[in-house]
file run17.txt (compact mmCIF, C-alpha atoms and all ligand atoms)
# COMPACT_ATOMS: atom_id res chain seq x y z
CA MET A 1 7.42 -20.15 20.25
CA THR A 2 7.16 -22.49 17.27
CA PRO A 3 4.17 -24.83 17.22
CA GLY A 4 4.50 -28.60 17.50
CA LEU A 5 3.84 -30.62 14.38
CA ALA A 6 0.25 -31.56 15.31
CA ALA A 7 -0.58 -27.92 16.05
CA ALA A 8 1.05 -26.83 12.78
CA ARG A 9 -1.09 -29.31 10.79
CA ALA A 10 -4.24 -28.12 12.54
CA GLN A 11 -3.33 -24.49 11.83
CA VAL A 12 -2.83 -25.21 8.11
CA ALA A 13 -6.21 -26.97 7.87
CA GLU A 14 -8.01 -24.20 9.74
CA CYS A 15 -6.37 -21.44 7.69
CA GLY A 16 -7.54 -23.08 4.47
CA ARG A 17 -11.15 -22.77 5.62
CA ARG A 18 -10.52 -19.17 6.64
CA MET A 19 -9.09 -18.35 3.20
CA THR A 20 -12.13 -19.87 1.52
CA ALA A 21 -14.53 -17.95 3.81
CA ASP A 22 -12.61 -14.70 3.19
CA GLY A 23 -12.75 -15.20 -0.59
CA LEU A 24 -8.99 -15.42 -1.03
CA VAL A 25 -9.05 -18.79 -2.76
CA LEU A 26 -11.22 -20.55 -5.27
CA GLY A 27 -11.37 -24.36 -5.04
CA THR A 28 -7.85 -25.76 -4.78
CA ALA A 29 -5.97 -22.51 -5.48
CA GLY A 30 -3.49 -21.06 -2.99
CA ASN A 31 -1.58 -22.82 -0.21
CA VAL A 32 -0.42 -22.41 3.36
CA SER A 33 2.48 -23.75 5.38
CA VAL A 34 3.64 -23.61 9.00
CA ARG A 35 7.15 -24.48 10.17
CA ALA A 36 7.59 -26.79 13.16
CA GLY A 37 11.31 -27.03 13.86
CA ASP A 38 13.02 -28.81 10.97
CA LEU A 39 9.70 -29.85 9.43
CA VAL A 40 7.02 -27.96 7.53
CA ALA A 41 3.28 -28.67 7.50
CA VAL A 42 1.96 -27.70 4.06
CA SER A 43 -1.41 -27.94 2.36
CA PRO A 44 -1.86 -30.96 0.12
CA SER A 45 -1.91 -30.56 -3.64
CA GLY A 46 -5.23 -30.39 -5.45
CA MET A 47 -7.66 -30.62 -2.52
CA ALA A 48 -10.45 -28.11 -1.96
CA TYR A 49 -9.72 -26.17 1.22
CA ASP A 50 -13.08 -26.69 2.86
CA ARG A 51 -12.43 -30.46 2.80
CA ILE A 52 -8.95 -30.54 4.33
CA GLY A 53 -8.55 -31.90 7.86
CA PRO A 54 -5.30 -31.90 9.91
CA GLU A 55 -4.72 -35.54 8.86
CA ASP A 56 -4.70 -34.47 5.18
CA VAL A 57 -1.98 -31.87 5.72
CA CYS A 58 1.36 -32.94 4.28
CA VAL A 59 4.63 -32.85 6.22
CA VAL A 60 7.96 -32.26 4.46
CA ASP A 61 11.48 -31.63 5.66
CA LEU A 62 13.33 -28.43 4.78
CA ALA A 63 14.72 -30.10 1.63
CA GLY A 64 11.19 -30.91 0.42
CA ASN A 65 11.21 -34.65 1.14
CA ARG A 66 7.79 -35.97 2.12
CA VAL A 67 7.80 -37.17 5.72
CA ASP A 68 4.11 -37.74 6.47
CA GLY A 69 0.60 -37.28 5.13
CA PRO A 70 -1.50 -39.27 2.66
CA HIS A 71 -1.34 -36.70 -0.15
CA ALA A 72 1.35 -35.03 -2.23
CA PRO A 73 2.43 -31.62 -0.92
CA SER A 74 1.35 -28.43 -2.64
CA THR A 75 3.06 -27.82 -5.98
CA GLU A 76 4.27 -24.48 -4.59
CA THR A 77 6.23 -26.19 -1.78
CA PRO A 78 9.61 -25.09 -3.32
CA LEU A 79 8.48 -21.47 -2.97
CA HIS A 80 7.54 -21.99 0.70
CA LEU A 81 10.84 -23.75 1.46
CA ASP A 82 12.83 -20.94 -0.14
CA VAL A 83 11.15 -18.43 2.18
CA TYR A 84 12.00 -20.58 5.22
CA ALA A 85 15.61 -20.93 4.04
CA THR A 86 16.17 -17.19 3.71
CA THR A 87 14.00 -15.49 6.36
CA ASP A 88 12.88 -16.01 9.95
CA ALA A 89 9.41 -17.01 8.69
CA GLY A 90 7.32 -19.37 10.80
CA ALA A 91 4.47 -19.47 8.26
CA VAL A 92 3.83 -18.69 4.59
CA VAL A 93 0.50 -17.91 2.90
CA HIS A 94 -0.01 -17.89 -0.88
CA HIS A 95 -3.34 -16.90 -2.42
CA HIS A 96 -5.04 -15.96 -5.67
CA GLY A 97 -7.13 -13.08 -4.29
CA LEU A 98 -8.90 -11.31 -7.14
CA HIS A 99 -7.42 -7.85 -6.58
CA SER A 100 -3.89 -9.16 -6.00
CA ALA A 101 -4.12 -11.27 -9.15
CA ALA A 102 -5.54 -8.34 -11.14
CA VAL A 103 -2.78 -5.93 -10.08
CA SER A 104 -0.15 -8.60 -10.78
CA THR A 105 -1.14 -8.59 -14.48
CA VAL A 106 -0.57 -4.84 -14.89
CA LEU A 107 2.13 -3.48 -12.59
CA ASP A 108 5.77 -4.23 -11.68
CA GLU A 109 5.33 -2.65 -8.24
CA LEU A 110 2.26 -1.66 -6.25
CA PRO A 111 2.42 2.14 -5.77
CA PRO A 112 2.25 3.13 -2.09
CA LEU A 113 -1.18 4.78 -1.89
CA HIS A 114 -1.55 4.10 1.84
CA TYR A 115 0.89 4.15 4.75
CA TYR A 116 -0.08 0.55 5.58
CA THR A 117 2.35 -0.30 2.77
CA MET A 118 5.12 0.03 5.36
CA GLN A 119 3.66 -2.85 7.37
CA LEU A 120 4.88 -5.04 4.49
CA GLY A 121 8.36 -3.46 4.51
CA GLY A 122 7.72 -0.95 1.68
CA PRO A 123 6.17 -0.79 -1.80
CA VAL A 124 5.29 -4.35 -2.79
CA ARG A 125 7.08 -5.77 -5.84
CA VAL A 126 5.58 -8.00 -8.49
CA ALA A 127 7.73 -11.11 -8.94
CA ARG A 128 8.56 -11.89 -12.57
CA TYR A 129 6.28 -14.47 -14.13
CA ALA A 130 7.31 -18.12 -14.14
CA THR A 131 5.25 -21.30 -14.43
CA TYR A 132 3.60 -22.32 -11.17
CA GLY A 133 5.45 -24.83 -9.01
CA THR A 134 8.84 -24.29 -10.66
CA PRO A 135 12.18 -23.38 -9.05
CA GLU A 136 12.18 -20.36 -11.40
CA LEU A 137 9.03 -19.07 -9.70
CA ALA A 138 10.58 -19.61 -6.27
CA ARG A 139 13.66 -17.63 -7.36
CA SER A 140 11.57 -14.85 -8.81
CA VAL A 141 9.53 -14.55 -5.58
CA HIS A 142 12.76 -14.66 -3.57
CA ALA A 143 14.05 -11.55 -5.38
CA ALA A 144 10.74 -9.73 -4.93
CA LEU A 145 10.73 -10.44 -1.18
CA VAL A 146 14.04 -8.76 -0.36
CA ASP A 147 13.31 -6.40 2.59
CA ARG A 148 9.58 -7.15 2.28
CA THR A 149 7.20 -9.54 4.01
CA ALA A 150 4.89 -9.87 0.99
CA ALA A 151 5.07 -9.90 -2.79
CA LEU A 152 2.77 -10.17 -5.75
CA MET A 153 3.42 -12.85 -8.36
CA ALA A 154 2.92 -11.75 -11.98
CA ASN A 155 -0.27 -13.08 -13.58
CA HIS A 156 -0.76 -15.37 -10.59
CA GLY A 157 -1.42 -14.04 -7.06
CA ALA A 158 0.26 -13.05 -3.81
CA VAL A 159 2.53 -14.44 -1.09
CA ALA A 160 3.22 -13.26 2.47
CA TYR A 161 5.14 -14.61 5.44
CA GLY A 162 5.34 -13.98 9.17
CA GLN A 163 6.69 -15.46 12.35
CA THR A 164 3.24 -16.93 13.02
CA LEU A 165 0.45 -18.03 10.71
CA ASP A 166 -1.72 -15.22 12.06
CA SER A 167 0.82 -12.58 11.06
CA ALA A 168 1.43 -14.17 7.63
CA TYR A 169 -2.32 -14.33 7.05
CA ASP A 170 -2.88 -10.73 8.20
CA ARG A 171 -0.19 -9.58 5.76
CA ALA A 172 -1.70 -11.61 2.92
CA ARG A 173 -5.08 -10.01 3.60
CA LEU A 174 -3.52 -6.55 3.93
CA LEU A 175 -1.89 -6.95 0.52
CA GLU A 176 -5.23 -7.95 -0.98
CA TRP A 177 -6.77 -4.81 0.60
CA LEU A 178 -3.97 -2.57 -0.74
CA CYS A 179 -4.53 -4.03 -4.21
CA ALA A 180 -8.30 -3.46 -3.89
CA LEU A 181 -7.54 0.15 -2.86
CA HIS A 182 -5.37 0.59 -5.94
CA VAL A 183 -8.00 -0.86 -8.27
CA THR A 184 -10.75 1.27 -6.71
CA ALA A 185 -8.76 4.52 -6.63
CA SER A 186 -7.52 4.03 -10.19
CA GLY A 187 -11.14 3.83 -11.33
CA LEU A 188 -11.77 7.28 -9.84
CA GLY A 189 -8.76 8.98 -11.38
CA SER A 190 -4.99 9.07 -11.01
CA PRO A 191 -4.22 8.19 -7.38
CA ARG A 192 -1.81 10.33 -5.35
CA VAL A 193 1.23 8.21 -4.42
CA LEU A 194 3.02 8.69 -1.08
CA SER A 195 6.60 9.96 -1.44
CA ALA A 196 9.68 8.24 -0.02
CA ALA A 197 9.93 10.99 2.62
CA GLU A 198 6.30 10.46 3.66
CA LEU A 199 6.92 6.71 3.94
CA ASP A 200 10.08 7.33 6.00
CA ASP A 201 7.99 9.39 8.42
CA VAL A 202 5.65 6.43 8.85
CA VAL A 203 8.59 4.20 9.77
CA ARG A 204 9.86 6.81 12.24
CA ARG A 205 6.46 6.74 13.92
CA GLY A 206 6.89 3.00 14.37
CA SER A 207 4.35 1.74 11.85
CA GLY A 208 6.88 -0.06 9.68
CA SER A 209 7.73 -3.71 9.94
CA GLY A 210 11.07 -5.50 10.06
CA THR A 211 11.28 -8.30 7.56
CA GLY A 212 13.66 -10.57 9.43
CA ARG A 213 15.36 -11.63 6.24
CA ALA A 214 18.60 -13.44 6.95
CA GLY A 215 20.30 -12.48 3.72
CA GLY A 216 19.82 -11.13 0.21
CA PRO A 217 18.90 -13.13 -2.87
CA THR A 218 21.08 -16.04 -3.78
ZN ZN B 1 -0.84 -20.16 -6.90

call {"tool": "encode", "arguments": {"input": "run17.txt", "output": "structure tokens", "more": "lines below"}}
Ligand SMILES: [Zn+2]
result
Amino acid sequence: MTPGLAAARAQVAECGRRMTADGLVLGTAGNVSVRAGDLVAVSPSGMAYDRIGPEDVCVVDLAGNRVDGPHAPSTETPLHLDVYATTDAGAVVHHHGLHSAAVSTVLDELPPLHYYTMQLGGPVRVARYATYGTPELARSVHAALVDRTAALMANHGAVAYGQTLDSAYDRARLLEWLCALHVTASGLGSPRVLSAAELDDVVRRGSGSGTGRAGGPT
């Protein structure tokens, strides 16, 4: 069931505090949105997360027009709206977690070191770099999200979506953990990467995750 608009705004405000407490954001970095019917509650631009209340959360329509809220919406709103337009997402989380950001500067795809990778739909891609807040970045993330529920963003951070904010947030945290695993294991030596057959077995055991994407990249 999709939340009402007031509940969506409260969820966005609460999630911002959670991201700060979990160390996924620094200051005003990162953003969160929750869909409520034809509207989207999205974090305001340039406000520290520990100071955002539900009344500060911006409301836009699916075309990005501001409908309510005293502040401008997050500069990454085009990226959020693209995910809503092309998947069954009910919520989107974007963060600058240290390990996700670190991996995004080095790799084009996160090697599957752990079977949890399949909870994100498969090995996580790194979206090609584009300036923050631009339609180019939204397009680049769109391509990286095909058949996945999360992606890294080159030299920037991570994005994940889910039908609820809890599932989007869990995926965003899982991706940060997988990146931390990669960084840690790579410091010990050359990590063993799971094969496609081993990953297929994980899906057969029911540990994979459908992405709910409505269509391919446009
Ligand atoms: Zn960002």

call {"tool": "residues_around", "arguments": {"input": "run17.txt", "residues": "range 201-203 of chain A", "least_positions_apart": "3", "cutoff": "12 Å", "atoms": "only C-alpha atoms", "output": "PyMOL selection string"}}
result
chain A and resi 112+114-122+194-198+206-210

call {"tool": "atom_distance", "arguments": {"input": "run17.txt", "atom1": "CA of Thr105 in chain A", "atom2": "CA of Ser74 in chain A"}}
result
23.2 Å

call {"tool": "residues_near_ligand", "arguments": {"input": "run17.txt", "ligand": "ligand ZN 1 (chain B)", "cutoff": "10 Å", "atoms": "all atoms listed in the file", "output": "ChimeraX atom specification"}}
result
/A:25,28-31,74-76,94-97,101,131-133,153,155-159

call {"tool": "residues_around", "arguments": {"input": "run17.txt", "residues": "Pro191 in chain A", "least_positions_apart": "3", "cutoff": "9 Å", "atoms": "only C-alpha atoms", "output": "VMD selection string"}}
result
chain A and resid 113 182 185 to 186 188

call {"tool": "closest_residue", "arguments": {"input": "run17.txt", "among": "A:Ala72, A:Leu165, A:Leu199, A:Val106", "to": "Pro123 in chain A", "atoms": "only C-alpha atoms"}}
result
A:Leu199

call {"tool": "residues_near_point", "arguments": {"input": "run17.txt", "point": "(-3.3, -14.8, 7.6)", "cutoff": "9 Å", "atoms": "all atoms listed in the file", "output": "list of chain:residue names"}}
result
A:Cys15, A:Arg18, A:Met19, A:Val92, A:Val93, A:Ala160, A:Tyr161, A:Gly162, A:Thr164, A:Leu165, A:Asp166, A:Ser167, A:Ala168, A:Tyr169, A:Asp170, A:Arg171, A:Ala172, A:Arg173

call {"tool": "atom_distance", "arguments": {"input": "run17.txt", "atom1": "CA of Asp108 in chain A", "atom2": "CA of Arg125 in chain A"}}
result
6.2 Å

call {"tool": "residues_around", "arguments": {"input": "run17.txt", "residues": "Gly64 in chain A", "least_positions_apart": "3", "cutoff": "12 Å", "atoms": "only C-alpha atoms", "output": "PyMOL selection string"}}
result
chain A and resi 38-42+58-61+67-68+72-82+84-85

call {"tool": "write_last_selection", "arguments": {"input": "run17.txt", "atoms": "C-alpha atoms", "output": "CSV table (one decimal), in the coordinates of the input"}}
result
chain,number,residue,atom,x,y,z
A,38,ASP,CA,13.0,-28.8,11.0
A,39,LEU,CA,9.7,-29.8,9.4
A,40,VAL,CA,7.0,-28.0,7.5
A,41,ALA,CA,3.3,-28.7,7.5
A,42,VAL,CA,2.0,-27.7,4.1
A,58,CYS,CA,1.4,-32.9,4.3
A,59,VAL,CA,4.6,-32.8,6.2
A,60,VAL,CA,8.0,-32.3,4.5
A,61,ASP,CA,11.5,-31.6,5.7
A,67,VAL,CA,7.8,-37.2,5.7
A,68,ASP,CA,4.1,-37.7,6.5
A,72,ALA,CA,1.4,-35.0,-2.2
A,73,PRO,CA,2.4,-31.6,-0.9
A,74,SER,CA,1.4,-28.4,-2.6
A,75,THR,CA,3.1,-27.8,-6.0
A,76,GLU,CA,4.3,-24.5,-4.6
A,77,THR,CA,6.2,-26.2,-1.8
A,78,PRO,CA,9.6,-25.1,-3.3
A,79,LEU,CA,8.5,-21.5,-3.0
A,80,HIS,CA,7.5,-22.0,0.7
A,81,LEU,CA,10.8,-23.8,1.5
A,82,ASP,CA,12.8,-20.9,-0.1
A,84,TYR,CA,12.0,-20.6,5.2
A,85,ALA,CA,15.6,-20.9,4.0

call {"tool": "atom_distance", "arguments": {"input": "run17.txt", "atom1": "CA of Ala36 in chain A", "atom2": "CA of Arg9 in chain A"}}
result
9.3 Å

call {"tool": "residues_around", "arguments": {"input": "run17.txt", "residues": "Gly37 in chain A", "least_positions_apart": "2", "cutoff": "9 Å", "atoms": "all atoms listed in the file", "output": "list in words"}}
result
Thr2, Pro3, Gly4, Leu5, Arg35, Leu39 and Val40 of chain A

call {"tool": "residues_around", "arguments": {"input": "run17.txt", "residues": "Ala13 in chain A", "least_positions_apart": "2", "cutoff": "10 Å", "atoms": "all atoms listed in the file", "output": "VMD selection string"}}
result
chain A and resid 7 to 11 15 to 18 32 to 33 41 to 44 49 to 57

call {"tool": "residues_near_point", "arguments": {"input": "run17.txt", "point": "(-12.3, -16.0, -5.6)", "cutoff": "9 Å", "atoms": "only C-alpha atoms", "output": "list of chain:residue names"}}
result
A:Thr20, A:Asp22, A:Gly23, A:Leu24, A:Val25, A:Leu26, A:Gly27, A:His96, A:Gly97, A:Leu98

call {"tool": "axis_aligned_box", "arguments": {"input": "run17.txt", "around": "range 29-37 of chain A", "padding_each_side": "5 Å", "output": "JSON"}}
result
{"center_x": 2.7, "center_y": -24.0, "center_z": 4.2, "size_x": 27.3, "size_y": 16.0, "size_z": 29.3}

call {"tool": "closest_residue", "arguments": {"input": "run17.txt", "among": "A:Arg66, A:His142, A:Arg192, A:Arg148", "to": "Leu175 in chain A", "atoms": "all atoms listed in the file"}}
result
A:Arg148
